[in-house]
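Note: the block below is query_11.txt and it holds compact mmCIF, C-alpha atoms.
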```
# COMPACT_ATOMS: atom_id res chain seq x y z
CA MET A 1 18.32 6.03 -25.48
CA SER A 2 16.70 2.80 -26.63
CA ALA A 3 17.84 0.87 -23.55
CA LEU A 4 16.46 3.60 -21.30
CA ALA A 5 13.19 3.68 -23.24
CA ASP A 6 12.82 -0.07 -22.81
CA LEU A 7 12.74 0.44 -19.04
CA TYR A 8 9.41 2.22 -19.39
CA THR A 9 7.69 -0.07 -21.89
CA VAL A 10 4.35 -1.46 -20.72
CA PRO A 11 3.79 -4.81 -22.48
CA PRO A 12 0.57 -5.14 -24.55
CA GLU A 13 -0.75 -7.87 -22.25
CA HIS A 14 -0.37 -5.50 -19.31
CA VAL A 15 -2.33 -2.84 -21.18
CA GLU A 16 -5.17 -5.30 -21.79
CA LEU A 17 -5.25 -6.34 -18.14
CA ARG A 18 -5.06 -2.69 -17.05
CA ASP A 19 -8.09 -1.87 -19.19
CA THR A 20 -10.04 -4.76 -17.68
CA ILE A 21 -9.20 -3.66 -14.14
CA ARG A 22 -10.06 -0.06 -15.05
CA GLN A 23 -13.51 -1.18 -16.18
CA ILE A 24 -14.05 -3.21 -13.00
CA ALA A 25 -13.00 -0.22 -10.92
CA ARG A 26 -15.35 2.15 -12.71
CA GLU A 27 -18.36 -0.15 -12.82
CA ARG A 28 -18.11 -2.12 -9.57
CA ILE A 29 -15.84 -0.26 -7.14
CA ALA A 30 -16.53 3.44 -7.73
CA PRO A 31 -20.28 3.10 -6.98
CA ARG A 32 -19.44 1.68 -3.53
CA ALA A 33 -16.73 4.19 -2.58
CA ALA A 34 -18.83 6.90 -0.93
CA GLU A 35 -20.89 4.41 1.09
CA ILE A 36 -17.99 2.43 2.53
CA ASP A 37 -16.18 5.68 3.38
CA ARG A 38 -19.23 7.13 5.10
CA GLU A 39 -19.93 3.97 7.09
CA ALA A 40 -16.25 3.11 7.66
CA SER A 41 -17.16 -0.45 6.69
CA TYR A 42 -14.75 -3.01 5.23
CA PRO A 43 -15.98 -3.99 1.74
CA HIS A 44 -16.03 -7.78 1.93
CA ASP A 45 -17.93 -7.86 -1.36
CA LEU A 46 -15.20 -5.92 -3.16
CA ARG A 47 -12.52 -8.15 -1.68
CA ALA A 48 -14.42 -11.16 -3.02
CA LEU A 49 -14.64 -9.44 -6.40
CA LEU A 50 -10.87 -8.88 -6.51
CA GLY A 51 -10.36 -12.54 -5.66
CA GLU A 52 -12.80 -13.76 -8.31
CA GLN A 53 -11.09 -11.66 -10.97
CA ASP A 54 -7.60 -12.99 -10.03
CA ILE A 55 -6.53 -9.47 -9.08
CA LEU A 56 -5.42 -10.65 -5.64
CA GLY A 57 -3.10 -13.07 -7.44
CA LEU A 58 -1.06 -10.24 -8.95
CA PRO A 59 1.65 -10.17 -6.24
CA PHE A 60 2.43 -13.89 -6.59
CA GLU A 61 4.40 -16.18 -8.85
CA PRO A 62 2.62 -18.97 -10.81
CA GLU A 63 4.07 -21.73 -8.63
CA TYR A 64 2.08 -20.27 -5.74
CA GLY A 65 -1.12 -19.73 -7.72
CA GLY A 66 -0.41 -16.16 -8.82
CA THR A 67 -0.32 -14.43 -12.17
CA GLY A 68 3.46 -14.01 -12.29
CA THR A 69 3.03 -10.64 -13.98
CA GLY A 70 5.52 -8.74 -11.83
CA THR A 71 5.78 -5.54 -9.83
CA LEU A 72 4.87 -3.14 -12.64
CA MET A 73 1.55 -4.83 -13.40
CA LEU A 74 0.73 -5.10 -9.71
CA ASN A 75 1.10 -1.37 -9.22
CA ILE A 76 -0.71 -0.48 -12.43
CA ALA A 77 -3.63 -2.37 -10.88
CA VAL A 78 -3.27 -0.51 -7.57
CA GLU A 79 -3.29 2.79 -9.46
CA GLU A 80 -6.43 1.91 -11.41
CA ILE A 81 -8.34 0.78 -8.33
CA ALA A 82 -7.22 3.82 -6.31
CA LYS A 83 -8.66 6.12 -8.99
CA ALA A 84 -12.03 4.77 -7.92
CA ASP A 85 -11.40 4.14 -4.21
CA ALA A 86 -8.17 4.22 -2.22
CA SER A 87 -9.50 1.96 0.56
CA THR A 88 -10.24 -0.83 -1.91
CA ALA A 89 -6.81 -0.39 -3.47
CA LEU A 90 -5.37 -1.02 -0.02
CA ILE A 91 -6.86 -4.53 -0.09
CA LEU A 92 -4.51 -5.39 -2.95
CA MET A 93 -1.63 -3.42 -1.43
CA ILE A 94 -1.80 -5.32 1.86
CA GLN A 95 -1.98 -8.62 -0.02
CA ASP A 96 1.44 -7.64 -1.35
CA LEU A 97 2.90 -6.04 1.80
CA GLY A 98 1.77 -8.75 4.21
CA THR A 99 3.23 -11.57 2.13
CA LEU A 100 6.44 -9.93 0.90
CA PRO A 101 8.45 -11.09 3.95
CA ILE A 102 7.54 -14.71 3.17
CA ARG A 103 8.17 -14.29 -0.55
CA LEU A 104 11.55 -12.63 -0.03
CA HIS A 105 12.87 -14.49 3.02
CA GLY A 106 10.51 -17.27 4.10
CA SER A 107 11.10 -20.98 3.95
CA GLU A 108 9.53 -23.03 1.20
CA GLU A 109 7.26 -24.58 3.82
CA LEU A 110 5.96 -21.12 4.82
CA ARG A 111 5.48 -20.17 1.19
CA ARG A 112 3.48 -23.31 0.43
CA ARG A 113 1.43 -22.91 3.59
CA PHE A 114 0.36 -19.29 3.03
CA LEU A 115 0.93 -17.97 -0.48
CA PRO A 116 -1.46 -20.10 -2.60
CA ARG A 117 -4.37 -19.31 -0.28
CA CYS A 118 -3.47 -15.61 -0.42
CA ALA A 119 -3.32 -15.69 -4.22
CA THR A 120 -6.93 -16.88 -4.38
CA GLY A 121 -8.05 -14.39 -1.74
CA GLU A 122 -8.94 -17.11 0.76
CA LEU A 123 -6.45 -15.65 3.26
CA SER A 124 -5.66 -12.03 4.03
CA PRO A 125 -2.38 -10.94 5.69
CA ALA A 126 -1.17 -7.99 7.76
CA PHE A 127 2.26 -6.44 8.32
CA ALA A 128 2.85 -5.69 12.01
CA LEU A 129 6.01 -3.62 12.43
CA SER A 130 5.00 -0.23 13.91
CA GLU A 131 4.41 0.36 17.61
CA ALA A 132 3.19 3.31 19.64
CA GLU A 133 6.79 4.40 20.31
CA ALA A 134 8.37 2.87 17.20
CA GLY A 135 7.04 4.34 13.98
CA SER A 136 9.80 5.89 11.89
CA ASP A 137 12.29 4.41 14.37
CA ALA A 138 11.76 0.75 13.55
CA GLY A 139 14.72 -0.11 15.78
CA GLY A 140 12.79 1.02 18.86
CA LEU A 141 10.53 -2.03 19.09
CA GLN A 142 9.35 -3.17 22.52
CA THR A 143 7.49 -6.34 21.49
CA THR A 144 9.58 -9.37 22.47
CA ALA A 145 9.84 -13.01 21.47
CA THR A 146 11.50 -15.50 23.82
CA ARG A 147 12.63 -18.99 22.81
CA ASP A 148 11.00 -21.86 24.72
CA GLY A 149 12.10 -25.19 23.30
CA ASP A 150 10.76 -25.50 19.76
CA GLU A 151 8.47 -22.52 20.24
CA TRP A 152 8.68 -18.74 20.58
CA VAL A 153 6.56 -16.78 23.06
CA ILE A 154 5.58 -13.32 21.82
CA ASN A 155 4.51 -10.46 24.11
CA GLY A 156 3.71 -6.86 23.28
CA SER A 157 1.46 -4.78 21.08
CA LYS A 158 1.58 -3.06 17.71
CA ALA A 159 0.03 0.16 16.42
CA TRP A 160 -1.30 1.55 13.14
CA ILE A 161 -1.63 -1.92 11.63
CA THR A 162 -3.65 -2.07 8.41
CA ASN A 163 -6.14 -4.96 8.14
CA SER A 164 -6.44 -5.40 11.90
CA GLY A 165 -9.34 -7.71 12.65
CA ILE A 166 -9.57 -8.75 8.99
CA ALA A 167 -6.22 -10.50 8.57
CA ASP A 168 -5.93 -14.25 8.96
CA PHE A 169 -2.25 -13.96 9.86
CA TYR A 170 0.21 -11.23 10.81
CA CYS A 171 3.87 -10.76 9.97
CA VAL A 172 5.14 -9.69 13.39
CA PHE A 173 8.52 -8.17 14.21
CA ALA A 174 9.81 -8.72 17.74
CA VAL A 175 13.02 -8.25 19.70
CA THR A 176 14.76 -11.56 20.29
CA ASP A 177 18.13 -10.24 21.53
CA ARG A 178 18.13 -6.74 23.01
CA SER A 179 21.92 -6.70 23.37
CA ALA A 180 22.45 -7.24 19.63
CA GLY A 181 20.80 -3.97 18.61
CA HIS A 182 18.21 -3.55 15.89
CA ALA A 183 20.47 -4.81 13.09
CA HIS A 184 20.78 -8.30 14.62
CA GLY A 185 18.35 -8.42 17.52
CA ILE A 186 14.95 -8.43 15.76
CA THR A 187 13.22 -11.47 14.25
CA ALA A 188 10.17 -11.77 12.00
CA PHE A 189 7.38 -14.29 12.69
CA GLU A 190 4.15 -15.38 11.07
CA VAL A 191 1.39 -15.33 13.67
CA GLU A 192 -2.01 -16.77 12.80
CA ALA A 193 -4.94 -14.75 14.13
CA ASP A 194 -6.52 -17.75 15.85
CA ARG A 195 -3.57 -18.44 18.17
CA PRO A 196 -4.35 -18.20 21.90
CA GLY A 197 -3.29 -14.89 23.40
CA PHE A 198 -3.77 -12.88 20.23
CA SER A 199 -6.38 -10.09 20.21
CA VAL A 200 -7.17 -7.27 17.84
CA GLY A 201 -7.09 -4.36 20.29
CA LYS A 202 -8.67 -1.02 19.48
CA LEU A 203 -9.42 0.27 15.99
CA GLU A 204 -8.62 3.84 15.01
CA HIS A 205 -11.08 6.49 13.83
CA LYS A 206 -9.34 8.06 10.86
CA LEU A 207 -9.41 11.07 8.57
CA GLY A 208 -9.27 8.95 5.42
CA ILE A 209 -9.00 5.39 4.08
CA ARG A 210 -11.92 4.80 6.42
CA ALA A 211 -13.08 1.51 4.91
CA SER A 212 -9.79 -0.18 5.78
CA PRO A 213 -9.49 -1.02 9.50
CA THR A 214 -6.36 0.17 11.31
CA GLY A 215 -5.69 -1.15 14.78
CA SER A 216 -3.38 -2.23 17.59
CA PRO A 217 -2.95 -6.02 17.77
CA VAL A 218 -1.99 -7.41 21.17
CA PHE A 219 0.21 -10.46 21.82
CA ASP A 220 -0.17 -11.98 25.29
CA ASN A 221 2.09 -15.02 25.57
CA VAL A 222 1.32 -15.99 21.99
CA ARG A 223 3.17 -19.17 21.08
CA VAL A 224 4.37 -19.92 17.56
CA PRO A 225 6.57 -22.80 16.35
CA GLN A 226 10.12 -22.36 15.07
CA ALA A 227 8.71 -23.08 11.59
CA ASN A 228 6.93 -19.69 11.72
CA VAL A 229 10.20 -17.75 11.82
CA ILE A 230 10.66 -15.76 8.60
CA GLY A 231 14.27 -15.85 7.44
CA GLU A 232 16.97 -16.16 10.06
CA VAL A 233 16.69 -15.41 13.75
CA GLY A 234 18.06 -11.91 14.36
CA GLN A 235 17.59 -10.77 10.78
CA GLY A 236 14.12 -9.25 11.15
CA PHE A 237 15.28 -5.69 10.52
CA LYS A 238 16.70 -6.78 7.16
CA VAL A 239 13.40 -8.53 6.40
CA ALA A 240 11.43 -5.38 7.20
CA MET A 241 13.64 -2.98 5.22
CA SER A 242 13.77 -5.16 2.10
CA THR A 243 10.00 -5.51 2.28
CA LEU A 244 9.44 -1.76 2.54
CA ASP A 245 11.77 -1.07 -0.39
CA ARG A 246 9.21 -2.86 -2.54
CA SER A 247 5.93 -2.15 -0.77
CA ARG A 248 6.48 1.62 -0.91
CA LEU A 249 5.83 1.28 -4.63
CA GLY A 250 2.27 0.31 -3.73
CA VAL A 251 1.85 3.49 -1.70
CA ALA A 252 3.18 5.49 -4.65
CA ALA A 253 0.72 3.75 -6.96
CA GLN A 254 -2.17 4.36 -4.57
CA ALA A 255 -1.22 8.03 -4.29
CA LEU A 256 -0.92 8.34 -8.06
CA GLY A 257 -4.33 6.74 -8.52
CA ILE A 258 -5.89 9.17 -6.04
CA ALA A 259 -4.24 12.11 -7.83
CA GLN A 260 -5.26 10.95 -11.30
CA GLY A 261 -8.80 10.18 -10.17
CA ALA A 262 -9.12 13.68 -8.71
CA THR A 263 -7.64 15.22 -11.85
CA ASP A 264 -10.00 13.31 -14.13
CA TYR A 265 -13.00 14.33 -12.05
CA ALA A 266 -11.95 17.99 -11.95
CA VAL A 267 -11.39 18.03 -15.72
CA ALA A 268 -14.85 16.58 -16.38
CA TYR A 269 -16.44 18.96 -13.89
CA ALA A 270 -14.74 22.02 -15.40
CA ARG A 271 -15.98 21.00 -18.82
CA GLU A 272 -19.62 21.02 -17.66
CA ARG A 273 -19.74 23.69 -14.94
CA ARG A 274 -20.63 27.10 -16.34
CA ALA A 275 -19.93 30.57 -14.93
CA PHE A 276 -20.27 33.95 -16.57
CA GLY A 277 -21.97 32.27 -19.51
CA GLN A 278 -19.24 29.76 -20.38
CA PRO A 279 -17.63 26.51 -19.12
CA ILE A 280 -15.13 27.24 -16.37
CA ASN A 281 -12.42 25.35 -18.27
CA SER A 282 -12.34 28.31 -20.67
CA PHE A 283 -10.81 30.48 -17.93
CA GLN A 284 -7.04 30.55 -17.74
CA GLY A 285 -7.00 30.30 -13.97
CA ILE A 286 -8.75 26.91 -14.15
CA GLN A 287 -6.80 25.80 -17.22
CA PHE A 288 -3.47 26.33 -15.47
CA LYS A 289 -4.59 24.38 -12.41
CA LEU A 290 -5.69 21.43 -14.53
CA ALA A 291 -2.50 21.57 -16.59
CA ASP A 292 -0.33 21.45 -13.49
CA MET A 293 -2.38 18.60 -12.01
CA GLU A 294 -2.09 16.47 -15.14
CA THR A 295 1.62 17.22 -15.50
CA LYS A 296 2.38 16.15 -11.94
CA CYS A 297 0.43 12.91 -12.40
CA ALA A 298 2.32 12.13 -15.61
CA ALA A 299 5.70 12.84 -13.97
CA GLY A 300 4.82 10.65 -11.00
CA ARG A 301 3.79 7.82 -13.29
CA GLU A 302 7.11 7.84 -15.12
CA LEU A 303 9.04 7.73 -11.83
CA LEU A 304 6.82 4.99 -10.39
CA TYR A 305 6.95 2.81 -13.48
CA GLN A 306 10.72 3.11 -13.67
CA ALA A 307 11.01 2.11 -10.01
CA CYS A 308 8.69 -0.87 -10.59
CA CYS A 309 10.81 -2.04 -13.51
CA ARG A 310 13.89 -1.74 -11.31
CA ALA A 311 12.16 -3.95 -8.75
CA ASP A 312 11.42 -6.57 -11.40
CA ARG A 313 15.08 -6.44 -12.51
CA GLU A 314 16.47 -6.66 -8.94
CA ASP A 315 18.24 -3.34 -9.40
CA PRO A 316 20.57 -2.49 -6.49
CA GLU A 317 19.29 1.11 -6.53
CA LEU A 318 15.71 0.02 -5.90
CA GLY A 319 15.61 1.52 -2.40
CA LYS A 320 16.47 4.96 -3.70
CA TYR A 321 13.95 4.82 -6.54
CA SER A 322 11.11 3.42 -4.46
CA ALA A 323 11.70 6.19 -1.91
CA MET A 324 11.65 8.84 -4.64
CA ALA A 325 8.48 7.40 -6.19
CA LYS A 326 6.69 7.24 -2.85
CA LEU A 327 7.82 10.75 -1.94
CA PHE A 328 6.90 12.38 -5.23
CA CYS A 329 3.61 10.58 -5.85
CA SER A 330 2.28 11.13 -2.33
CA ASP A 331 3.20 14.82 -2.31
CA THR A 332 1.55 15.05 -5.72
CA ALA A 333 -1.60 13.37 -4.41
CA MET A 334 -1.94 15.92 -1.64
CA GLU A 335 -1.26 18.90 -3.92
CA VAL A 336 -3.55 17.68 -6.70
CA THR A 337 -6.51 16.79 -4.50
CA VAL A 338 -6.39 20.19 -2.77
CA GLU A 339 -6.48 21.81 -6.20
CA ALA A 340 -9.33 19.53 -7.30
CA VAL A 341 -11.39 20.74 -4.34
CA GLN A 342 -10.58 24.31 -5.38
CA VAL A 343 -11.69 23.69 -8.97
CA LEU A 344 -15.04 22.43 -7.72
CA GLY A 345 -15.35 25.31 -5.27
CA GLY A 346 -18.10 24.81 -2.70
CA TYR A 347 -19.12 21.55 -4.34
CA GLY A 348 -15.63 20.20 -3.72
CA TYR A 349 -16.07 20.71 0.01
CA VAL A 350 -19.14 18.49 0.41
CA ASN A 351 -19.33 14.72 0.31
CA ASP A 352 -21.84 14.65 -2.53
CA TYR A 353 -18.74 14.86 -4.72
CA PRO A 354 -15.72 12.53 -4.43
CA VAL A 355 -12.82 14.98 -4.35
CA GLU A 356 -13.14 15.76 -0.63
CA ARG A 357 -12.80 12.02 0.08
CA MET A 358 -9.83 11.85 -2.26
CA MET A 359 -8.18 14.73 -0.41
CA ARG A 360 -8.70 12.98 2.94
CA ASP A 361 -7.42 9.69 1.54
CA ALA A 362 -4.34 11.34 0.04
CA LYS A 363 -2.89 12.50 3.35
CA ILE A 364 -1.98 9.07 4.69
CA THR A 365 0.19 8.34 1.64
CA GLN A 366 2.64 10.95 2.93
CA ILE A 367 2.81 9.12 6.27
CA TYR A 368 2.56 5.35 6.14
CA GLU A 369 5.29 2.89 5.15
CA GLY A 370 7.80 5.58 6.00
CA THR A 371 6.97 9.27 6.27
CA ASN A 372 8.12 11.49 3.44
CA GLU A 373 10.74 12.92 5.75
CA ILE A 374 12.20 9.41 6.06
CA GLN A 375 12.04 9.01 2.26
CA ARG A 376 14.10 12.16 1.86
CA LEU A 377 16.66 10.72 4.25
CA VAL A 378 16.82 7.51 2.21
CA VAL A 379 17.40 9.45 -1.00
CA ALA A 380 19.90 11.82 0.59
CA ARG A 381 21.97 8.99 2.03
CA SER A 382 22.16 7.34 -1.39
CA LEU A 383 23.88 10.49 -2.69
CA ARG A 384 26.81 10.43 -0.28
```

I need this file expressed as C-alpha cells, please.
Amino acid sequence: MSALADLYTVPPEHVELRDTIRQIARERIAPRAAEIDREASYPHDLRALLGEQDILGLPFEPEYGGTGTGTLMLNIAVEEIAKADASTALILMIQDLGTLPIRLHGSEELRRRFLPRCATGELSPAFALSEAEAGSDAGGLQTTATRDGDEWVINGSKAWITNSGIADFYCVFAVTDRSAGHAHGITAFEVEADRPGFSVGKLEHKLGIRASPTGSPVFDNVRVPQANVIGEVGQGFKVAMSTLDRSRLGVAAQALGIAQGATDYAVAYARERRAFGQPINSFQGIQFKLADMETKCAAGRELLYQACCRADREDPELGKYSAMAKLFCSDTAMEVTVEAVQVLGGYGYVNDYPVERMMRDAKITQIYEGTNEIQRLVVARSLR
C-alpha cells in the first residue's frame, strides 16, 4: 500500500505553489471572467500576468527557462485557474500542448529556438492537427507538405485550432507521403505565423470558452526549412499521438477545475440562500446534490493526479490513464455544472451568476483533444 500511496503524494513545495496560484486566480482572474466571456475577448492582461508569475514556465524544464516542476504541478495549476475561468486556464494548457511536440520529438535547435521564449510567455504556440474532415480521424488529413530542395511547401487548412490569431507559431501536421498511410505518411512542422502564405482564416462563434479564439488557419504555399521538421519525416502521427497522451491531462484538469469551481459556488450559495425559513442546504434534496458533486470532483482528482504521476514516471500505461482521466473528469464537469445550475434555480440560468458560464465551458471538455467516445475506445483497446 505504501508504494501505491506514494503515487498520489503532492510534495509540500507543490502545495505552496498551488496556494499561490489559487490566490492569483481568485483575486486577479475571477473578477475578469464574466467580462471576457461576454465580450469574447482574449485576455492579454491575464496572459501577461501568468508570464510575470512564472506560471507559463510550468510546462518546461529548467534548461529551457522553465520551472522543472513536472506534469502534476502543471495540471494542479490548470485546475486552480479553471476554477476561476476556463478560458484563462486554456492559455496555460495551450502553452503545454503547442510545445509538447518539440519537447518530446524536436531537435535541440528547435528546442533552443522556441522553448525559452515560450517559458517566459514571450511566444505563444498552437497545435494544428484537426481539419474540417479530420477530427477524430486524425489519419484523414488533407493538408500536404511537398519537399522542394531544403524546404517544404505546405498547402491546406486546419479547423478548430485553439489560439488562432494569437499564436506566434503553429505545430502543423501534413501529409508528406499519401501512399505510406497515416502511420508513416504524416510529418509535423513548426510554422511561424509571419511566414508568407499563412493566414488565420475565420474564427468560430462558440457556446463556451469564448475568450479563447478558435479558428481555421490557412496555408497557401507556405515554405518552411528542413530544420522546422519535428522528429522524423513520416513520423507525424506518432508525434501527434504521444502529444495527446499527455495533453489530455490538461483537459482533465480544466474540466476538474470547472467542476470544483461550480461545486464550491453552489455550496456557498446553498449556505446563504433561504427558503421556507431556513438555508436551502438544510434540505436533503440539496444536500444529496452537493454530496454527489463533491464526491465526483474528489474521485476525478485522484484519477487525474495518478495519471499525472504516471506521466512524470514515463509509465507505459500513460495513454490508458490519461484517457480515463479525461473521460471521467469531463463527464463529471458536465454533470456537476448542470446540477450547480439546478441548485441555484432561476439564478443559475442567468449570467449574473457564474455557473451558467461554467456549464457552457464544461461541454467542450467532452469534445476536444479526442471526444469521450474516442477515449472509451482507447481504454477498451488497452483491455484486450

What is the atom CA of Ser164 of chain A to atom CA of Ile91 of chain A distance in Å? 12.0 Å

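Note that the spacing between atom CA of Phe219 of chain A and atom CA of Gly149 of chain A amounts to 19.0 Å.
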
Find, counting all atoms listed in the file, the residue in A:Glu16, A:Glu272, A:Asp315, A:Asp150 that gets nearest to Arg223 of chain A.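 Going through A:Glu16, A:Glu272, A:Asp315, A:Asp150 one by one, the smallest distance to Arg223 of chain A is for A:Asp150.
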
Looking at all atoms listed in the file, which of A:Thr71, A:Gln366, A:Thr9, A:Gln254 is the one that sits closest to Arg313 of chain A?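 Looking only at the distances to Arg313 of chain A, the closest residue turns out to be A:Thr71.
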
Among the residues A:Glu108, A:Glu131, A:Asp168, A:Glu317, the one that comes closest to Ala227 of chain A [using all atoms listed in the file]: A:Glu108

Go through segment 144-215 of chain A residue by residue and, counting all atoms listed in the file, keep those with an atom at most 6 Å from segment 236-251 of chain A; for each kept residue give the shortest atom pair and its distance in Å to one decimal, ordered by chain and increasing number, as JSON lines.
```
{"residue": "A:Ala183", "atom": "CA", "partner": "A:Phe237", "partner_atom": "CA", "distance": 5.9}
{"residue": "A:Ile186", "atom": "CA", "partner": "A:Gly236", "partner_atom": "CA", "distance": 4.8}
{"residue": "A:Thr187", "atom": "CA", "partner": "A:Gly236", "partner_atom": "CA", "distance": 3.9}
{"residue": "A:Ala188", "atom": "CA", "partner": "A:Gly236", "partner_atom": "CA", "distance": 4.8}
```

Which is closer to Leu110 of chain A than all the others in A:Gly181, A:Gly234, A:Pro225, A:Gly257, using all atoms listed in the file?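 Ranked by minimum distance to Leu110 of chain A, first place goes to A:Pro225.
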
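Those DNA, RNA and protein residues that approach the point (-19.4, 8.3, -6.0) to within 8 Å, considering only C-alpha atoms, are Ala30, Pro31, Arg32, Ala33, Ala34, Asp352, Tyr353 and Pro354 of chain A.
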
Output the selection as an mmCIF file, keeping the file's coordinate frame - C-alpha atoms for each residue.
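Output (selection.cif):
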```
data_model
loop_
_atom_site.group_PDB
_atom_site.id
_atom_site.type_symbol
_atom_site.label_atom_id
_atom_site.label_comp_id
_atom_site.auth_asym_id
_atom_site.auth_seq_id
_atom_site.Cartn_x
_atom_site.Cartn_y
_atom_site.Cartn_z
ATOM 1 C CA ALA A 30 -16.530 3.440 -7.730
ATOM 2 C CA PRO A 31 -20.280 3.100 -6.980
ATOM 3 C CA ARG A 32 -19.440 1.680 -3.530
ATOM 4 C CA ALA A 33 -16.730 4.190 -2.580
ATOM 5 C CA ALA A 34 -18.830 6.900 -0.930
ATOM 6 C CA ASP A 352 -21.840 14.650 -2.530
ATOM 7 C CA TYR A 353 -18.740 14.860 -4.720
ATOM 8 C CA PRO A 354 -15.720 12.530 -4.430
#
```

Just the number, please: distance in Å from atom CA of Ser87 of chain A to atom CA of Asp361 of chain A, one decimal.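 Computed distance, atom CA of Ser87 of chain A to atom CA of Asp361 of chain A, equals 8.1 Å.
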
Please provide as an mmCIF file with C-alpha atoms, keeping the file's coordinate frame all residues within 12 Å of Glu204 of chain A, with the sequence filter that same-chain residues fewer than 2 positions apart are discarded (counting only C-alpha atoms).
```cif
data_model
loop_
_atom_site.group_PDB
_atom_site.id
_atom_site.type_symbol
_atom_site.label_atom_id
_atom_site.label_comp_id
_atom_site.auth_asym_id
_atom_site.auth_seq_id
_atom_site.Cartn_x
_atom_site.Cartn_y
_atom_site.Cartn_z
ATOM 1 C CA ALA A 40 -16.250 3.110 7.660
ATOM 2 C CA ALA A 159 0.030 0.160 16.420
ATOM 3 C CA TRP A 160 -1.300 1.550 13.140
ATOM 4 C CA ILE A 161 -1.630 -1.920 11.630
ATOM 5 C CA THR A 162 -3.650 -2.070 8.410
ATOM 6 C CA ASN A 163 -6.140 -4.960 8.140
ATOM 7 C CA SER A 164 -6.440 -5.400 11.900
ATOM 8 C CA GLY A 165 -9.340 -7.710 12.650
ATOM 9 C CA VAL A 200 -7.170 -7.270 17.840
ATOM 10 C CA GLY A 201 -7.090 -4.360 20.290
ATOM 11 C CA LYS A 202 -8.670 -1.020 19.480
ATOM 12 C CA LYS A 206 -9.340 8.060 10.860
ATOM 13 C CA LEU A 207 -9.410 11.070 8.570
ATOM 14 C CA GLY A 208 -9.270 8.950 5.420
ATOM 15 C CA ILE A 209 -9.000 5.390 4.080
ATOM 16 C CA ARG A 210 -11.920 4.800 6.420
ATOM 17 C CA ALA A 211 -13.080 1.510 4.910
ATOM 18 C CA SER A 212 -9.790 -0.180 5.780
ATOM 19 C CA PRO A 213 -9.490 -1.020 9.500
ATOM 20 C CA THR A 214 -6.360 0.170 11.310
ATOM 21 C CA GLY A 215 -5.690 -1.150 14.780
ATOM 22 C CA SER A 216 -3.380 -2.230 17.590
ATOM 23 C CA PRO A 217 -2.950 -6.020 17.770
#
```

Determine, counting only C-alpha atoms, which protein, DNA and RNA residues have an atom within 7 Å of an atom of Ala193 of chain A; residues of the same chain fewer than 2 positions away are not included. Present the result as a PDB file with C-alpha atoms, keeping the file's coordinate frame.
```pdb
ATOM      1  CA  ASP A 168      -5.930 -14.250   8.960  1.00  0.00           C
ATOM      2  CA  PHE A 169      -2.250 -13.960   9.860  1.00  0.00           C
ATOM      3  CA  VAL A 191       1.390 -15.330  13.670  1.00  0.00           C
ATOM      4  CA  ARG A 195      -3.570 -18.440  18.170  1.00  0.00           C
ATOM      5  CA  PHE A 198      -3.770 -12.880  20.230  1.00  0.00           C
TER       6      PHE A 198
END
```

Selected residue of minimal separation from Leu327 of chain A among A:Arg357, A:Arg22, A:Arg376, A:Arg274, counting only C-alpha atoms: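 Among A:Arg357, A:Arg22, A:Arg376, A:Arg274, it is A:Arg376 that comes nearest to Leu327 of chain A.
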
Considering all atoms listed in the file, give me a table of residues in segment 203-270 of chain A that are at most 10 Å from segment 278-287 of chain A, with the closest atom pair and distance in Å for each, as JSON lines.
```
{"residue": "A:Ala266", "atom": "CA", "partner": "A:Asn281", "partner_atom": "CA", "distance": 9.7}
{"residue": "A:Val267", "atom": "CA", "partner": "A:Asn281", "partner_atom": "CA", "distance": 7.8}
{"residue": "A:Ala268", "atom": "CA", "partner": "A:Asn281", "partner_atom": "CA", "distance": 9.3}
{"residue": "A:Tyr269", "atom": "CA", "partner": "A:Asn281", "partner_atom": "CA", "distance": 8.7}
{"residue": "A:Ala270", "atom": "CA", "partner": "A:Asn281", "partner_atom": "CA", "distance": 5.0}
```

Take the residues just selected and output them with C-alpha atoms as a short mmCIF file (atom, residue, chain, number, x, y, z; two decimals), in the frame of the given file.
```cif
data_model
loop_
_atom_site.label_atom_id
_atom_site.label_comp_id
_atom_site.auth_asym_id
_atom_site.auth_seq_id
_atom_site.Cartn_x
_atom_site.Cartn_y
_atom_site.Cartn_z
CA ALA A 266 -11.95 17.99 -11.95
CA VAL A 267 -11.39 18.03 -15.72
CA ALA A 268 -14.85 16.58 -16.38
CA TYR A 269 -16.44 18.96 -13.89
CA ALA A 270 -14.74 22.02 -15.40
#
```

Tell me which of A:Phe276, A:Thr176, A:Ile258, A:Arg271 sits closest to Gln235 of chain A, counting only C-alpha atoms. A:Thr176

In the coordinate frame of the file, compute which residues have an atom within 9 Å of (-13.2, -4.7, 2.3) when using all atoms listed in the file, and state them as a PyMOL selection string. chain A and resi 36+41-48+87-88+90-91+166+211-213

Residues from the last selection, C-alpha atoms, saved as a PDB file, keeping the file's coordinate frame:
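Okay, this is what ended up in result-v5.pdb:
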```
ATOM      1  CA  ILE A  36     -17.990   2.430   2.530  1.00  0.00           C
ATOM      2  CA  SER A  41     -17.160  -0.450   6.690  1.00  0.00           C
ATOM      3  CA  TYR A  42     -14.750  -3.010   5.230  1.00  0.00           C
ATOM      4  CA  PRO A  43     -15.980  -3.990   1.740  1.00  0.00           C
ATOM      5  CA  HIS A  44     -16.030  -7.780   1.930  1.00  0.00           C
ATOM      6  CA  ASP A  45     -17.930  -7.860  -1.360  1.00  0.00           C
ATOM      7  CA  LEU A  46     -15.200  -5.920  -3.160  1.00  0.00           C
ATOM      8  CA  ARG A  47     -12.520  -8.150  -1.680  1.00  0.00           C
ATOM      9  CA  ALA A  48     -14.420 -11.160  -3.020  1.00  0.00           C
ATOM     10  CA  SER A  87      -9.500   1.960   0.560  1.00  0.00           C
ATOM     11  CA  THR A  88     -10.240  -0.830  -1.910  1.00  0.00           C
ATOM     12  CA  LEU A  90      -5.370  -1.020  -0.020  1.00  0.00           C
ATOM     13  CA  ILE A  91      -6.860  -4.530  -0.090  1.00  0.00           C
ATOM     14  CA  ILE A 166      -9.570  -8.750   8.990  1.00  0.00           C
ATOM     15  CA  ALA A 211     -13.080   1.510   4.910  1.00  0.00           C
ATOM     16  CA  SER A 212      -9.790  -0.180   5.780  1.00  0.00           C
ATOM     17  CA  PRO A 213      -9.490  -1.020   9.500  1.00  0.00           C
TER      18      PRO A 213
END
```
